[in-house]
Amino acid sequence: MNLRSIIRFASGRMRRVPVRRVFAATALLLICVVIAWTVAHVVPLPERLNYGDSVVATYHDGRPAHALLSEDDRWRFPTRIDDVDPAYIEALLALEDRRFYSHPGVDFIAIARATADNARAGSTVSGASTITMQLVRLLEPRPRTLRSKAVEALRALQLEMHMSKEEILEAYLRFVPYGGNYEGIEVATLSFWGRSPSGLTAAEIATLLAIPQSPGARRPTPDNAATLRSARDDIAMRLAEQNALPLSARPDSLAEMLDDTEVPVEVSGPPREIPHLMQWLQVHRPQDFERHEAARGEPSIRIQTTLDRTVQRRISAVVDGQRSRLKATGAPHAAVVVLESQTGQVRGVVGNLDFDSSTPGSHLPAFASPRSTGSLLKPVVYAAALDEGLVAPSHKLLDVPMIRGDYRPENFDRQYRGLVEAERALSVSLNIPFVRLIEELGVDEFVQTMARFELEGPVRRAGDGGLELVVGGMPASALEVAALYAGFARGGRPVTVELFHKPVDSASSQPHDASRVDETTRAISPAAAWLTTRALTRRPRPWSDVGPRRARDQAFVWKTGTSYAYHDAWTAGFGADYSVAVWAGDLAFERHPQLVGADVAAPLFFEVIDAIDSPFPLRAQKPRDGLATIEVCSRSGRRPGPHCEHTTTVDAPAKSAAPQRCEFHVEIDVDATTGRRLAEGCRPHGVDRIERRVVERLPGPMARYQRARGRRAGTLPELHPECRSESDAPLSITSPREETTVVLEPTRPADRQKVRLEAYSPTGSRVHWYIDGRHLTSTGPDQAAYWIPKPGNWTIAVVDEQGDRHVRVLNVEGQAAPPDRDDPNASPPQY
């Protein structure tokens, strides 16, 4: 029978079919299609498809840094096709579903082939499941029955109606099993080889295809190694025959390569490299962990941090290596923060010594815990005093005992050095000179300088603190300390800490020029920042012989801190690129006498910064503008007075240039015969010849300190016994200064704007203060009094035990805010 006869026969039979049956069959077919379409769109897609994946924090380059279990307790990352090696995709489709892009979810050709193969063999030897059907099975596991196959086929058709081929393939790559609770190709490659699936070898591709076929029997374990290897090699050779693997042109070369490549036998799991940071984010930034309605295939949360993978791993390795030493020195906890100085981006964070340890508090993110800063804030006082003209690096500061009410500051070593250069006082971290300096600068100015560094946390915690703020009374976290020191590395510009990745402005990546930036964005001047930085390079490492000679060229900038009660040991500083803060201590505030910054934190600091950075180029960063070379007295370090014989030159901020004149050298009358000093106007009987001589007169506290120890107080000669006064100099008010005007701030009560009253008493006697003739208070030697100001002109007088008197007029302008009557610490009414 030819084709024409067949057509005539069919046409005849069709003519004999009633028209009603044709319409009925057509209608039935349409109804079935409508029902199928309706069911496909009404019946929800598999629920697991919308499950949330593991929360992943990534490094700034997108590589995973830390992962949390998904909401169904699986390790599962979403994966885009573009992020997977194309050779793997080609091999997957060649092995599992070569007509993936042409069938509607069910491969009817493959079903016919499998049916024939299985019928001939008398058992199941071939399958016909497509990638889409396998995805359905992963999403909705069912028993292996014909009924289940039918449901899977229908569900596969449904998925194809709702999802593109790329979405289906990405969902498969997300859920494909690798044994246990490991799902998805990216989890597999990270767990097996520690890297992404973007570049895979032929052996790795074959391994990734072999495990999902039997995850329980082939998951990487020592017991499964032989089974996995055999399956991998078999799949690799099959794919090589189809030219679906790299190096497949020569199967003998592939076999040789497989023989030389071991299969993975251990699973390290997804990266968990920043556990404390992740815990801190969950508590302090819960919005980053909230799941929102996302596009299908992207229901996961990825937090892209600014961390650098190399920096993070290096500092983590350093901390791991020092863990035993730190714990042996009484530091059960520690934290390290690394900032990129010029951008403020956090490049590394170690939150504590352990995370899963039995040590109490080991899980707490210590890098964000405010702690007593010890001496870490002295550079701020120094820089602010430089800008105010209160000090130059050469100024000799007093390092002698002092008392301020109940407060008696001490140096860490409980020693006194008399007169010490301001720069050296900072480099060796003396407490008393800096308590005196903050007293002269003013606590408010210090706090405002911290505020200009945009450090809201420490400023808020300062409260109504006083002089003790400079020696640990202003708590800060390691993150805040690193930001502060980054501000110094930036030439005095405050830095905004960035923990989450943002596009970097190309301008910010240019070499930093500290002298060419907008002055309005500065906390301190470039000159003060550079001079402070220079001071912090003068101190060599405690265990090395590297000294100031190298520091003049380049060195690491560093400062230590130790809390008063030995709870905290700090070291902070910076190199050419990074600012680093290291804290070691006890989060439970237990006292450990070994917790000293230079001994405990400094070794960790230097090992960290040696691992990631190079020394700071001090000379190269010297500002071209803003520094002045000034002449100073060699003895006092201040501008030369009329009687200074020896001078030198030093750098100082040009804007303020430390105008204070030397008062160490004075011209006096002496008896030319005996060499005794004659008081002003005193001419004893028998003195035939009087000479004018230049002598050295030390400041009152220093002179008293020297005399109390039986030492000479400068070169001031002994006073002639017939001269009336036994004073070295007249009683004088030193604070407030002459012609001072106090302007009250309208936003603060007057009792929070007290005027400091201080006098120089050459005899060291007790002094009595009077305001417009009314007694205010009495103070001991080298003690300050405080007066609550009111608008007007006021006569301030001080009288000592010998009856000597000094008077100064003070002008007070403005109006203060009303007193806070609810404040329990408010001062009582005072005249």
# chains A, B, ... in the order shown; residues from 1 in each chain; ligands from 1
$ select_by_dssp --residues "stretch 62-249 of chain A" --states "strand (DSSP E)" --output "list in words"
Pro64, Ala65, His66, Ala67, Trp75, Arg76, Tyr182 and Glu183 of chain A
$ write_last_selection --atoms "all heavy atoms" --output "PDB file, in the first residue's frame"
ATOM      1  N   PRO A  64      33.316  33.639  50.160  1.00  0.00           N
ATOM      2  CA  PRO A  64      32.697  33.431  51.472  1.00  0.00           C
ATOM      3  C   PRO A  64      33.715  33.483  52.607  1.00  0.00           C
ATOM      4  O   PRO A  64      34.812  32.932  52.507  1.00  0.00           O
ATOM      5  CB  PRO A  64      32.069  32.036  51.357  1.00  0.00           C
ATOM      6  CG  PRO A  64      31.891  31.821  49.898  1.00  0.00           C
ATOM      7  CD  PRO A  64      33.044  32.514  49.236  1.00  0.00           C
ATOM      8  N   ALA A  65      33.334  34.154  53.683  1.00  0.00           N
ATOM      9  CA  ALA A  65      34.170  34.229  54.879  1.00  0.00           C
ATOM     10  C   ALA A  65      33.565  33.441  56.033  1.00  0.00           C
ATOM     11  O   ALA A  65      34.284  32.840  56.836  1.00  0.00           O
ATOM     12  CB  ALA A  65      34.355  35.683  55.301  1.00  0.00           C
ATOM     13  N   HIS A  66      32.241  33.437  56.098  1.00  0.00           N
ATOM     14  CA  HIS A  66      31.580  32.744  57.211  1.00  0.00           C
ATOM     15  C   HIS A  66      30.143  32.428  56.798  1.00  0.00           C
ATOM     16  O   HIS A  66      29.487  33.227  56.138  1.00  0.00           O
ATOM     17  CB  HIS A  66      31.569  33.615  58.462  1.00  0.00           C
ATOM     18  CG  HIS A  66      31.270  32.864  59.718  1.00  0.00           C
ATOM     19  ND1 HIS A  66      32.245  32.390  60.552  1.00  0.00           N
ATOM     20  CD2 HIS A  66      30.095  32.489  60.281  1.00  0.00           C
ATOM     21  CE1 HIS A  66      31.699  31.761  61.579  1.00  0.00           C
ATOM     22  NE2 HIS A  66      30.390  31.813  61.430  1.00  0.00           N
ATOM     23  N   ALA A  67      29.687  31.260  57.191  1.00  0.00           N
ATOM     24  CA  ALA A  67      28.325  30.836  56.850  1.00  0.00           C
ATOM     25  C   ALA A  67      27.615  30.314  58.088  1.00  0.00           C
ATOM     26  O   ALA A  67      28.251  29.761  58.994  1.00  0.00           O
ATOM     27  CB  ALA A  67      28.349  29.756  55.769  1.00  0.00           C
ATOM     28  N   TRP A  75      23.721  23.128  55.032  1.00  0.00           N
ATOM     29  CA  TRP A  75      24.702  24.027  54.438  1.00  0.00           C
ATOM     30  C   TRP A  75      24.341  24.140  52.961  1.00  0.00           C
ATOM     31  O   TRP A  75      24.456  23.183  52.208  1.00  0.00           O
ATOM     32  CB  TRP A  75      26.118  23.468  54.587  1.00  0.00           C
ATOM     33  CG  TRP A  75      26.600  23.382  56.006  1.00  0.00           C
ATOM     34  CD1 TRP A  75      26.867  22.255  56.709  1.00  0.00           C
ATOM     35  CD2 TRP A  75      26.867  24.473  56.877  1.00  0.00           C
ATOM     36  NE1 TRP A  75      27.282  22.562  57.980  1.00  0.00           N
ATOM     37  CE2 TRP A  75      27.294  23.931  58.114  1.00  0.00           C
ATOM     38  CE3 TRP A  75      26.787  25.863  56.758  1.00  0.00           C
ATOM     39  CZ2 TRP A  75      27.645  24.725  59.206  1.00  0.00           C
ATOM     40  CZ3 TRP A  75      27.133  26.653  57.842  1.00  0.00           C
ATOM     41  CH2 TRP A  75      27.553  26.093  59.050  1.00  0.00           C
ATOM     42  N   ARG A  76      23.877  25.311  52.558  1.00  0.00           N
ATOM     43  CA  ARG A  76      23.396  25.461  51.188  1.00  0.00           C
ATOM     44  C   ARG A  76      23.577  26.917  50.754  1.00  0.00           C
ATOM     45  O   ARG A  76      23.127  27.838  51.429  1.00  0.00           O
ATOM     46  CB  ARG A  76      21.923  25.065  51.094  1.00  0.00           C
ATOM     47  CG  ARG A  76      21.342  25.152  49.693  1.00  0.00           C
ATOM     48  CD  ARG A  76      19.908  24.664  49.643  1.00  0.00           C
ATOM     49  NE  ARG A  76      19.029  25.410  50.518  1.00  0.00           N
ATOM     50  CZ  ARG A  76      18.389  24.898  51.576  1.00  0.00           C
ATOM     51  NH1 ARG A  76      18.535  23.625  51.877  1.00  0.00           N
ATOM     52  NH2 ARG A  76      17.614  25.644  52.331  1.00  0.00           N
ATOM     53  N   TYR A 182      25.077  18.679  53.510  1.00  0.00           N
ATOM     54  CA  TYR A 182      25.774  19.506  52.529  1.00  0.00           C
ATOM     55  C   TYR A 182      25.005  19.474  51.221  1.00  0.00           C
ATOM     56  O   TYR A 182      24.785  18.412  50.633  1.00  0.00           O
ATOM     57  CB  TYR A 182      27.199  18.995  52.306  1.00  0.00           C
ATOM     58  CG  TYR A 182      28.079  19.177  53.518  1.00  0.00           C
ATOM     59  CD1 TYR A 182      28.108  18.220  54.531  1.00  0.00           C
ATOM     60  CD2 TYR A 182      28.875  20.304  53.660  1.00  0.00           C
ATOM     61  CE1 TYR A 182      28.906  18.391  55.649  1.00  0.00           C
ATOM     62  CE2 TYR A 182      29.678  20.481  54.776  1.00  0.00           C
ATOM     63  CZ  TYR A 182      29.685  19.520  55.762  1.00  0.00           C
ATOM     64  OH  TYR A 182      30.469  19.691  56.878  1.00  0.00           O
ATOM     65  N   GLU A 183      24.601  20.647  50.754  1.00  0.00           N
ATOM     66  CA  GLU A 183      23.840  20.751  49.521  1.00  0.00           C
ATOM     67  C   GLU A 183      24.422  21.863  48.663  1.00  0.00           C
ATOM     68  O   GLU A 183      24.842  22.903  49.177  1.00  0.00           O
ATOM     69  CB  GLU A 183      22.360  21.053  49.803  1.00  0.00           C
ATOM     70  CG  GLU A 183      21.609  19.921  50.473  1.00  0.00           C
ATOM     71  CD  GLU A 183      20.133  20.241  50.664  1.00  0.00           C
ATOM     72  OE1 GLU A 183      19.750  21.410  50.485  1.00  0.00           O
ATOM     73  OE2 GLU A 183      19.364  19.325  50.994  1.00  0.00           O
TER      74      GLU A 183
END
$ residues_around --residues "A:Leu484" --least-positions-apart "4" --cutoff "7 Å" --atoms "only C-alpha atoms" --output "ChimeraX atom specification"
/A:453,480,488
$ write_last_selection --atoms "C-alpha atoms" --output "PDB file, in the first residue's frame"
ATOM      1  CA  PHE A 453      37.288  62.567  65.528  1.00  0.00           C
ATOM      2  CA  GLU A 480      36.815  52.864  68.031  1.00  0.00           C
ATOM      3  CA  PHE A 488      46.194  60.332  63.027  1.00  0.00           C
TER       4      PHE A 488
END
$ select_by_dssp --residues "stretch 584-700 of chain A" --states "helix (DSSP H, G or I)" --output "list in words"
Gly597, Ala598, Asp599, Val600, Ala601, Ala602, Pro603, Leu604, Phe605, Phe606, Glu607, Val608, Ile609, Asp610, Ala611, Ile612 and Gly700 of chain A
$ residues_around --residues "A:Ala750" --least-positions-apart "3" --cutoff "9 Å" --atoms "only C-alpha atoms" --output "compact mmCIF listing (two decimals) with N, CA and C atoms, in the first residue's frame"
# COMPACT_ATOMS: atom_id res chain seq x y z
N LEU A 744 30.16 82.48 78.96
CA LEU A 744 29.34 81.34 79.36
C LEU A 744 28.57 80.78 78.17
N GLU A 745 28.50 79.46 78.11
CA GLU A 745 27.73 78.81 77.06
C GLU A 745 26.27 78.73 77.50
N PRO A 746 25.34 79.17 76.67
CA PRO A 746 23.93 79.20 77.07
C PRO A 746 23.28 77.83 77.18
N GLN A 753 30.57 74.84 84.10
CA GLN A 753 31.52 75.71 83.42
C GLN A 753 32.41 76.42 84.44
N LYS A 754 32.82 75.68 85.44
CA LYS A 754 33.58 76.28 86.54
C LYS A 754 34.89 76.87 86.07
N ILE A 788 32.10 78.82 90.52
CA ILE A 788 30.99 78.84 89.56
C ILE A 788 30.77 80.29 89.13
N PRO A 789 31.02 80.60 87.85
CA PRO A 789 31.00 82.00 87.42
C PRO A 789 29.58 82.54 87.25
N LYS A 790 29.50 83.87 87.39
CA LYS A 790 28.28 84.64 87.10
C LYS A 790 28.66 85.84 86.27
N GLN A 815 25.21 84.24 79.44
CA GLN A 815 24.27 83.71 80.42
C GLN A 815 24.25 82.20 80.30
N ALA A 816 24.46 81.51 81.41
CA ALA A 816 24.45 80.05 81.41
C ALA A 816 23.03 79.53 81.50
N ALA A 817 22.86 78.28 81.20
CA ALA A 817 21.55 77.63 81.32
C ALA A 817 21.19 77.47 82.80
N PRO A 818 19.90 77.37 83.11
CA PRO A 818 19.51 77.16 84.52
C PRO A 818 20.12 75.86 85.05
N PRO A 819 20.38 75.78 86.34
CA PRO A 819 20.95 74.55 86.91
C PRO A 819 19.98 73.39 86.79
$ residues_around --residues "A:Arg323" --least-positions-apart "3" --cutoff "9 Å" --atoms "only C-alpha atoms" --output "list in words"
Val318, Val319, Asp320, Leu326, Lys327, Ala328, Pro332, Ala334, Leu353 and Asp354 of chain A
$ closest_residue --among "A:Tyr88, A:Tyr101, A:Phe192, A:Phe108" --to "A:Glu166" --atoms "only C-alpha atoms"
A:Tyr101
$ residues_around --residues "A:Leu339" --least-positions-apart "4" --cutoff "8 Å" --atoms "only C-alpha atoms" --output "list in words"
Gly344, Gln345, Val346, Arg347, Gly348, Ala482, Ala483, Ala486, Val497, Tyr578, Ser579 and Val580 of chain A
$ atom_distance --atom1 "atom CA of A:Leu307" --atom2 "atom CA of A:Pro615"
21.4 Å
$ atom_distance --atom1 "atom CA of A:Ser732" --atom2 "atom CA of A:Leu698"
14.9 Å
$ atom_distance --atom1 "atom CA of A:Leu364" --atom2 "atom CA of A:Leu281"
12.0 Å
$ residues_around --residues "A:Pro177" --least-positions-apart "3" --cutoff "12 Å" --atoms "only C-alpha atoms" --output "ChimeraX atom specification"
/A:74-77,134-135,137-139,171-174,180-188,208-216,218-219
$ closest_residue --among "A:Glu439, A:Asp586, A:Asp669, A:Glu445" --to "A:Gly361" --atoms "only C-alpha atoms"
A:Asp586
$ residues_around --residues "stretch 262-265 of chain A" --least-positions-apart "2" --cutoff "7 Å" --atoms "only C-alpha atoms" --output "MDAnalysis selection string"
chainID A and resid 192 220:222 225 229 260 267
$ closest_residue --among "A:His643, A:Arg619, A:Arg693, A:His768" --to "A:Val670" --atoms "only C-alpha atoms"
A:Arg693
$ closest_residue --among "A:Ala658, A:Ile315, A:Leu719, A:Ala489" --to "A:Asp610" --atoms "only C-alpha atoms"
A:Ile315
$ closest_residue --among "A:Arg20, A:Arg63, A:His284, A:Arg677" --to "A:Pro270" --atoms "only C-alpha atoms"
A:Arg63
